[in-house]
>>> print(open('run.cif').read())   # mmCIF, C-alpha atoms
data_structure
loop_
_atom_site.group_PDB
_atom_site.id
_atom_site.type_symbol
_atom_site.label_atom_id
_atom_site.label_comp_id
_atom_site.auth_asym_id
_atom_site.auth_seq_id
_atom_site.Cartn_x
_atom_site.Cartn_y
_atom_site.Cartn_z
ATOM 1 C CA GLN A 791 270.211 31.592 1.035
ATOM 2 C CA GLN A 792 272.957 34.198 1.016
ATOM 3 C CA GLN A 793 270.468 36.689 2.470
ATOM 4 C CA ARG A 794 269.610 34.267 5.304
ATOM 5 C CA ILE A 795 273.288 33.703 6.070
ATOM 6 C CA SER A 796 273.897 37.438 5.979
ATOM 7 C CA SER A 797 270.926 38.079 8.269
ATOM 8 C CA SER A 798 272.058 35.381 10.712
ATOM 9 C CA SER A 799 275.613 36.675 10.858
ATOM 10 C CA SER A 800 274.305 40.210 11.281
ATOM 11 C CA SER A 801 272.135 39.296 14.293
ATOM 12 C CA SER A 802 275.007 37.282 15.749
ATOM 13 C CA SER A 803 277.406 40.195 15.428
ATOM 14 C CA MET A 804 274.795 42.501 16.976
ATOM 15 C CA ALA A 805 274.462 40.185 19.982
ATOM 16 C CA SER A 806 278.232 40.040 20.391
ATOM 17 C CA ARG A 807 278.358 43.842 20.441
ATOM 18 C CA TYR A 808 275.739 44.202 23.165
ATOM 19 C CA ASP A 809 276.174 41.117 25.352
ATOM 20 C CA ARG A 810 279.355 42.285 27.066
ATOM 21 C CA ALA A 811 277.906 45.387 28.733
ATOM 22 C CA LEU A 812 275.291 44.836 31.424
ATOM 23 C CA THR A 813 273.856 48.355 31.327
ATOM 24 C CA ILE A 814 273.333 48.719 27.557
ATOM 25 C CA PHE A 815 270.149 47.641 25.813
ATOM 26 C CA SER A 816 270.424 46.075 22.382
ATOM 27 C CA PRO A 817 268.393 47.838 19.642
ATOM 28 C CA ASP A 818 265.639 45.217 19.949
ATOM 29 C CA GLY A 819 265.287 45.766 23.706
ATOM 30 C CA HIS A 820 267.358 42.943 25.180
ATOM 31 C CA LEU A 821 269.721 42.940 28.147
ATOM 32 C CA PHE A 822 271.765 39.939 27.110
ATOM 33 C CA GLN A 823 273.585 39.452 30.418
ATOM 34 C CA VAL A 824 270.244 39.161 32.239
ATOM 35 C CA GLU A 825 269.041 36.652 29.652
ATOM 36 C CA TYR A 826 272.239 34.647 30.063
ATOM 37 C CA ALA A 827 271.603 34.586 33.832
ATOM 38 C CA MET A 828 268.137 33.189 33.130
ATOM 39 C CA GLU A 829 269.760 30.535 30.951
ATOM 40 C CA ALA A 830 271.982 29.572 33.897
ATOM 41 C CA VAL A 831 268.793 29.083 35.927
ATOM 42 C CA ARG A 832 267.267 26.868 33.212
ATOM 43 C CA LYS A 833 270.337 24.637 33.403
ATOM 44 C CA GLY A 834 269.965 24.295 37.190
ATOM 45 C CA SER A 835 268.190 21.538 39.080
ATOM 46 C CA SER A 836 264.393 21.410 39.022
ATOM 47 C CA VAL A 837 262.468 23.183 41.783
ATOM 48 C CA VAL A 838 258.739 22.963 42.571
ATOM 49 C CA GLY A 839 256.535 24.827 45.024
ATOM 50 C CA VAL A 840 252.873 23.973 45.707
ATOM 51 C CA ARG A 841 250.549 25.952 47.977
ATOM 52 C CA GLY A 842 247.850 23.950 49.728
ATOM 53 C CA LYS A 843 244.991 24.960 51.985
ATOM 54 C CA ASP A 844 247.050 24.847 55.191
ATOM 55 C CA CYS A 845 250.538 24.027 53.930
ATOM 56 C CA VAL A 846 253.244 24.871 51.424
ATOM 57 C CA VAL A 847 255.412 22.192 49.816
ATOM 58 C CA LEU A 848 258.892 22.780 48.388
ATOM 59 C CA GLY A 849 260.601 20.105 46.300
ATOM 60 C CA VAL A 850 263.988 20.028 44.572
ATOM 61 C CA GLU A 851 265.937 17.617 42.420
ATOM 62 C CA LYS A 852 269.198 16.526 44.024
ATOM 63 C CA TYR A 853 272.185 15.849 41.823
ATOM 64 C CA ALA A 854 274.272 12.839 42.775
ATOM 65 C CA ALA A 855 277.031 13.858 45.166
ATOM 66 C CA ALA A 856 280.628 12.737 44.811
ATOM 67 C CA LYS A 857 281.457 9.553 46.687
ATOM 68 C CA LEU A 858 283.538 11.340 49.341
ATOM 69 C CA GLN A 859 281.386 14.477 49.543
ATOM 70 C CA ASP A 860 279.332 15.302 52.639
ATOM 71 C CA THR A 861 275.806 15.729 51.249
ATOM 72 C CA ARG A 862 274.772 17.910 54.207
ATOM 73 C CA THR A 863 276.865 20.727 52.736
ATOM 74 C CA VAL A 864 275.059 20.636 49.370
ATOM 75 C CA ARG A 865 271.513 21.832 49.983
ATOM 76 C CA LYS A 866 269.025 23.401 47.589
ATOM 77 C CA ILE A 867 266.512 24.279 50.313
ATOM 78 C CA ALA A 868 267.389 26.896 52.939
ATOM 79 C CA LYS A 869 265.661 28.388 55.971
ATOM 80 C CA LEU A 870 265.426 32.192 56.113
ATOM 81 C CA ASP A 871 263.344 32.620 59.255
ATOM 82 C CA SER A 872 261.281 30.489 61.616
ATOM 83 C CA HIS A 873 258.334 30.613 59.188
ATOM 84 C CA ILE A 874 259.994 31.121 55.770
ATOM 85 C CA MET A 875 262.041 28.733 53.595
ATOM 86 C CA LEU A 876 263.240 28.881 50.025
ATOM 87 C CA ALA A 877 264.448 26.590 47.260
ATOM 88 C CA PHE A 878 266.591 27.748 44.355
ATOM 89 C CA ALA A 879 267.790 26.824 40.894
ATOM 90 C CA GLY A 880 270.999 28.155 39.379
ATOM 91 C CA LEU A 881 274.446 28.918 40.731
ATOM 92 C CA ASN A 882 274.991 27.635 44.276
ATOM 93 C CA ALA A 883 277.509 30.350 45.174
ATOM 94 C CA ASP A 884 275.167 33.145 44.063
ATOM 95 C CA ALA A 885 272.316 31.583 46.045
ATOM 96 C CA ARG A 886 274.482 31.301 49.163
ATOM 97 C CA VAL A 887 275.233 35.044 49.060
ATOM 98 C CA LEU A 888 271.568 35.958 48.600
ATOM 99 C CA VAL A 889 270.417 33.566 51.333
ATOM 100 C CA ASN A 890 272.887 34.990 53.857
ATOM 101 C CA ARG A 891 271.857 38.556 53.029
ATOM 102 C CA ALA A 892 268.168 37.653 53.283
ATOM 103 C CA ARG A 893 268.687 36.040 56.697
ATOM 104 C CA VAL A 894 270.330 39.222 57.965
ATOM 105 C CA GLU A 895 267.447 41.286 56.556
ATOM 106 C CA CYS A 896 264.906 39.063 58.322
ATOM 107 C CA GLN A 897 266.663 39.618 61.653
ATOM 108 C CA SER A 898 267.020 43.344 60.953
ATOM 109 C CA HIS A 899 263.292 43.539 60.235
ATOM 110 C CA ARG A 900 262.488 41.826 63.539
ATOM 111 C CA LEU A 901 264.796 44.223 65.394
ATOM 112 C CA THR A 902 263.440 47.350 63.709
ATOM 113 C CA VAL A 903 259.734 46.571 63.410
ATOM 114 C CA GLU A 904 259.493 44.118 66.322
ATOM 115 C CA ASP A 905 257.566 41.712 64.121
ATOM 116 C CA ALA A 906 258.397 38.827 61.805
ATOM 117 C CA PRO A 907 258.786 39.708 58.107
ATOM 118 C CA THR A 908 256.072 38.531 55.728
ATOM 119 C CA VAL A 909 256.889 36.260 52.802
ATOM 120 C CA GLU A 910 255.996 39.098 50.421
ATOM 121 C CA TYR A 911 258.370 41.501 52.187
ATOM 122 C CA ILE A 912 261.431 39.267 52.019
ATOM 123 C CA SER A 913 260.587 38.199 48.436
ATOM 124 C CA ARG A 914 260.423 41.862 47.409
ATOM 125 C CA TRP A 915 263.695 42.527 49.233
ATOM 126 C CA ILE A 916 265.503 39.646 47.475
ATOM 127 C CA ALA A 917 264.073 40.704 44.103
ATOM 128 C CA GLY A 918 265.206 44.277 44.752
ATOM 129 C CA THR A 919 268.727 43.050 45.481
ATOM 130 C CA GLN A 920 268.735 41.008 42.258
ATOM 131 C CA GLN A 921 267.440 43.995 40.258
ATOM 132 C CA ARG A 922 270.201 46.300 41.538
ATOM 133 C CA TYR A 923 272.729 43.916 40.014
ATOM 134 C CA THR A 924 271.198 44.447 36.558
ATOM 135 C CA GLN A 925 271.423 48.231 36.510
ATOM 136 C CA ARG A 926 275.022 49.284 37.045
ATOM 137 C CA GLY A 927 278.403 48.456 35.586
ATOM 138 C CA GLY A 928 281.129 46.477 37.277
ATOM 139 C CA VAL A 929 278.770 43.726 38.501
ATOM 140 C CA ARG A 930 276.855 40.847 36.961
ATOM 141 C CA PRO A 931 273.319 39.529 37.594
ATOM 142 C CA PHE A 932 272.708 36.775 40.121
ATOM 143 C CA GLY A 933 272.364 33.539 38.169
ATOM 144 C CA VAL A 934 269.691 32.176 40.458
ATOM 145 C CA SER A 935 265.896 31.984 40.695
ATOM 146 C CA MET A 936 264.214 31.369 44.046
ATOM 147 C CA ILE A 937 260.874 30.016 45.213
ATOM 148 C CA LEU A 938 259.969 31.215 48.716
ATOM 149 C CA ALA A 939 257.372 29.537 50.911
ATOM 150 C CA GLY A 940 255.998 30.445 54.297
ATOM 151 C CA PHE A 941 253.142 31.818 56.337
ATOM 152 C CA ASP A 942 251.914 35.312 57.080
ATOM 153 C CA PRO A 943 251.096 36.356 60.676
ATOM 154 C CA ASP A 944 247.448 35.439 60.062
ATOM 155 C CA GLY A 945 248.488 31.860 59.229
ATOM 156 C CA LYS A 946 247.799 32.115 55.501
ATOM 157 C CA PRO A 947 250.248 30.117 53.310
ATOM 158 C CA GLN A 948 252.211 32.073 50.720
ATOM 159 C CA LEU A 949 254.356 31.133 47.717
ATOM 160 C CA TYR A 950 256.542 33.608 45.815
ATOM 161 C CA LYS A 951 259.064 33.376 43.010
ATOM 162 C CA THR A 952 261.976 35.704 42.172
ATOM 163 C CA GLU A 953 263.987 35.840 38.943
ATOM 164 C CA PRO A 954 267.461 37.105 37.931
ATOM 165 C CA SER A 955 265.871 40.184 36.340
ATOM 166 C CA GLY A 956 264.534 41.286 39.733
ATOM 167 C CA ALA A 957 260.928 40.368 38.965
ATOM 168 C CA PHE A 958 258.883 38.637 41.678
ATOM 169 C CA SER A 959 255.305 37.440 41.944
ATOM 170 C CA SER A 960 252.932 35.299 43.997
ATOM 171 C CA TRP A 961 251.960 31.808 42.788
ATOM 172 C CA LYS A 962 249.586 28.979 43.648
ATOM 173 C CA ALA A 963 252.108 26.501 42.250
ATOM 174 C CA ALA A 964 255.471 27.472 40.785
ATOM 175 C CA THR A 965 258.521 25.890 39.195
ATOM 176 C CA THR A 966 261.936 26.921 37.965
ATOM 177 C CA GLY A 967 265.111 25.277 36.712
ATOM 178 C CA LYS A 968 265.455 22.270 34.421
ATOM 179 C CA GLY A 969 262.242 20.995 32.871
ATOM 180 C CA GLU A 970 260.306 24.122 33.838
ATOM 181 C CA LYS A 971 257.964 23.915 30.846
ATOM 182 C CA THR A 972 257.113 20.237 31.452
ATOM 183 C CA ILE A 973 256.468 20.753 35.156
ATOM 184 C CA ARG A 974 254.394 23.890 34.615
ATOM 185 C CA GLU A 975 252.154 22.108 32.115
ATOM 186 C CA TYR A 976 251.567 19.311 34.642
ATOM 187 C CA LEU A 977 250.881 21.735 37.509
ATOM 188 C CA GLU A 978 248.368 23.659 35.400
ATOM 189 C CA THR A 979 246.306 20.487 34.975
ATOM 190 C CA ALA A 980 246.880 18.907 38.403
ATOM 191 C CA TYR A 981 246.584 21.884 40.737
ATOM 192 C CA GLN A 982 243.386 22.158 42.750
ATOM 193 C CA PRO A 983 242.428 24.973 45.142
ATOM 194 C CA ASP A 984 242.461 24.125 48.848
ATOM 195 C CA MET A 985 244.496 20.923 48.534
ATOM 196 C CA ASP A 986 245.243 19.163 51.811
ATOM 197 C CA ASP A 987 248.788 18.302 52.896
ATOM 198 C CA GLY A 988 248.809 14.845 51.312
ATOM 199 C CA MET A 989 247.509 15.997 47.950
ATOM 200 C CA ALA A 990 249.924 18.944 47.800
ATOM 201 C CA VAL A 991 252.876 16.665 48.586
ATOM 202 C CA LYS A 992 251.829 14.109 45.973
ATOM 203 C CA THR A 993 251.412 16.846 43.344
ATOM 204 C CA ALA A 994 254.905 18.225 44.023
ATOM 205 C CA VAL A 995 256.521 14.762 44.048
ATOM 206 C CA ARG A 996 254.838 13.690 40.809
ATOM 207 C CA ALA A 997 255.903 16.923 39.111
ATOM 208 C CA LEU A 998 259.530 16.295 40.103
ATOM 209 C CA LEU A 999 259.476 12.617 39.143
ATOM 210 C CA ASP A 1000 258.481 13.618 35.591
ATOM 211 C CA VAL A 1001 261.891 15.287 35.085
ATOM 212 C CA ALA A 1002 264.231 13.963 37.794
ATOM 213 C CA ASP A 1003 266.861 11.376 36.929
ATOM 214 C CA GLY A 1004 267.029 8.447 39.332
ATOM 215 C CA GLY A 1005 263.542 8.653 40.789
ATOM 216 C CA ALA A 1006 262.631 9.378 44.396
ATOM 217 C CA LYS A 1007 266.144 8.896 45.763
ATOM 218 C CA ASN A 1008 267.247 12.040 43.907
ATOM 219 C CA ILE A 1009 264.590 14.433 45.170
ATOM 220 C CA GLU A 1010 264.125 16.315 48.434
ATOM 221 C CA VAL A 1011 260.756 17.539 49.691
ATOM 222 C CA VAL A 1012 259.967 19.839 52.622
ATOM 223 C CA VAL A 1013 256.460 20.475 53.985
ATOM 224 C CA LEU A 1014 255.699 23.698 55.868
ATOM 225 C CA THR A 1015 252.654 24.078 58.107
ATOM 226 C CA ALA A 1016 251.672 27.053 60.243
ATOM 227 C CA ASP A 1017 251.715 25.376 63.647
ATOM 228 C CA SER A 1018 254.706 23.026 63.443
ATOM 229 C CA PRO A 1019 258.348 23.010 62.271
ATOM 230 C CA ALA A 1020 259.166 22.266 58.649
ATOM 231 C CA GLU A 1021 259.209 18.539 57.902
ATOM 232 C CA THR A 1022 261.673 16.966 55.480
ATOM 233 C CA LEU A 1023 260.161 13.813 54.018
ATOM 234 C CA SER A 1024 262.179 10.643 54.555
ATOM 235 C CA GLN A 1025 263.458 8.538 51.668
ATOM 236 C CA ASP A 1026 261.085 5.732 52.701
ATOM 237 C CA ARG A 1027 258.105 8.091 52.460
ATOM 238 C CA LEU A 1028 259.254 9.350 49.063
ATOM 239 C CA ALA A 1029 259.749 5.787 47.807
ATOM 240 C CA ASP A 1030 256.206 4.876 48.921
ATOM 241 C CA LEU A 1031 254.846 7.959 47.145
ATOM 242 C CA GLU A 1032 256.757 7.025 43.991
ATOM 243 C CA MET A 1033 255.195 3.526 43.978
ATOM 244 C CA GLU A 1034 251.733 5.004 44.569
ATOM 245 C CA ILE A 1035 252.181 7.514 41.735
ATOM 246 C CA GLU A 1036 253.374 4.788 39.357
ATOM 247 C CA ARG A 1037 250.265 2.733 40.146
ATOM 248 C CA GLU A 1038 248.059 5.754 39.450
ATOM 249 C CA LYS A 1039 249.826 6.350 36.128
ATOM 250 C CA GLU A 1040 249.270 2.722 35.106
ATOM 251 C CA GLU A 1041 245.588 2.929 36.057
ATOM 252 C CA GLU A 1042 245.203 6.154 34.057
ATOM 253 C CA ALA A 1043 246.878 4.580 31.027
ATOM 254 C CA GLU A 1044 244.649 1.481 31.275
ATOM 255 C CA ARG A 1045 241.538 3.621 31.569
ATOM 256 C CA LYS A 1046 242.524 5.625 28.488
ATOM 257 C CA ARG A 1047 243.141 2.401 26.516
ATOM 258 C CA GLN A 1048 239.720 1.101 27.482
ATOM 259 C CA GLU A 1049 238.056 4.382 26.496
ATOM 260 C CA ALA A 1050 239.873 4.385 23.171
ATOM 261 C CA SER A 1051 238.826 0.797 22.414
ATOM 262 C CA GLN A 1052 235.129 1.484 23.027
#
>>> encode(input="run.cif", output="structure tokens")
Amino acid sequence: QQQRISSSSSSSSMASRYDRALTIFSPDGHLFQVEYAMEAVRKGSSVVGVRGKDCVVLGVEKYAAAKLQDTRTVRKIAKLDSHIMLAFAGLNADARVLVNRARVECQSHRLTVEDAPTVEYISRWIAGTQQRYTQRGGVRPFGVSMILAGFDPDGKPQLYKTEPSGAFSSWKAATTGKGEKTIREYLETAYQPDMDDGMAVKTAVRALLDVADGGAKNIEVVVLTADSPAETLSQDRLADLEMEIEREKEEEAERKRQEASQ
């Protein structure tokens, strides 16, 4: 027991020696400040992205606003360009800085290249910005993870995810923030290739309802299609989807009970 206590205190003291400097690796290969930034993301609101055949769906959990607060000023989904949007989990202030920089980069790309940026390009650019803040002293990592959705010039839907470490990758369905493990497990079983708009929306909404407090009134869902502006689903539509999903859950449970009794 004394050995366990000694070992625990030793690892704790080692972490305390290496977690204050961003640019120094611990002996076991950790950058603690980057890991703490990832922990800030895990404490953020839940975010889901689902790529369908001709659409991309972004969904976020909304925390209850203060009674006198204007909810229009507290958004977890932002528009970067005419064909690209993102949702984020983590620190709102950090996300605001990254979003503003990314918007400027999108306009700079249009001015320089005379073409709209691809979703991969701006995802790589954001991830590169996040990575630079993990490699030099005097700064701290961005405590935010982003899921970017949009369409390439050929009309193909794209979904990318960036992390505080500067890593980014393409996904068919992605999640970040609170309840990430639960949502990912559901998406792995529910996702189907070439889902239509309705199925993609229902998959995203059900994933959020599994972890969101307060049901449909505390989630926000945006649907992107190639040939029309982004559509934010109304609360009435979300409430109808919630009732439909609850009915499906009850039917699934009843079917399982019947199968178990046979």
>>> atom_distance(input="run.cif", atom1="atom CA of Ser1018 of chain A", atom2="atom CA of His873 of chain A")
9.4 Å
>>> resolve_selection(input="run.cif", expression="the PyMOL selection byres ((chain A and resi 1024-1032) around 7)", output="list of chain:residue names")
A:Lys992, A:Ala1006, A:Lys1007, A:Thr1022, A:Leu1023, A:Met1033, A:Glu1034, A:Ile1035, A:Glu1036
>>> atom_distance(input="run.cif", atom1="atom CA of Thr952 of chain A", atom2="atom CA of Val831 of chain A")
11.4 Å
>>> resolve_selection(input="run.cif", expression="the PyMOL selection byres ((chain A and resi 1019) around 12)", output="list in words")
Cys845, Lys869, Asp871, Ser872, His873, Ile874, Met875, Gly940, Phe941, Val1012, Val1013, Leu1014, Thr1015, Ala1016, Asp1017, Ser1018, Ala1020, Glu1021 and Thr1022 of chain A
>>> resolve_selection(input="run.cif", expression="the PyMOL selection byres ((chain A and resi 843) around 9)", output="list in words")
Arg841, Gly842, Asp844, Cys845, Val846, Lys946, Pro947, Pro983, Asp984, Met985, Asp986, Asp987 and Ala990 of chain A
>>> residues_around(input="run.cif", residues="Thr861 of chain A", least_positions_apart="6", cutoff="10 Å", atoms="only C-alpha atoms", output="list in words")
Lys852, Ala854 and Ala855 of chain A
>>> decode(input="run.cif", residues="segment 1015-1030 of chain A", atoms="C-alpha atoms", output="PDB file, in the first residue's frame")
ATOM      1  CA  THR A1015     -27.600  21.278 -49.065  1.00  0.00           C
ATOM      2  CA  ALA A1016     -25.625  22.125 -52.189  1.00  0.00           C
ATOM      3  CA  ASP A1017     -28.268  24.126 -54.035  1.00  0.00           C
ATOM      4  CA  SER A1018     -29.984  26.101 -51.266  1.00  0.00           C
ATOM      5  CA  PRO A1019     -29.111  28.195 -48.186  1.00  0.00           C
ATOM      6  CA  ALA A1020     -28.547  26.500 -44.846  1.00  0.00           C
ATOM      7  CA  GLU A1021     -31.800  25.721 -43.041  1.00  0.00           C
ATOM      8  CA  THR A1022     -32.159  25.977 -39.270  1.00  0.00           C
ATOM      9  CA  LEU A1023     -34.868  23.598 -38.100  1.00  0.00           C
ATOM     10  CA  SER A1024     -37.725  25.204 -36.185  1.00  0.00           C
ATOM     11  CA  GLN A1025     -38.604  24.199 -32.632  1.00  0.00           C
ATOM     12  CA  ASP A1026     -41.900  22.741 -33.892  1.00  0.00           C
ATOM     13  CA  ARG A1027     -40.034  20.498 -36.339  1.00  0.00           C
ATOM     14  CA  LEU A1028     -37.615  19.387 -33.626  1.00  0.00           C
ATOM     15  CA  ALA A1029     -40.489  18.657 -31.233  1.00  0.00           C
ATOM     16  CA  ASP A1030     -42.199  16.518 -33.903  1.00  0.00           C
TER      17      ASP A1030
END
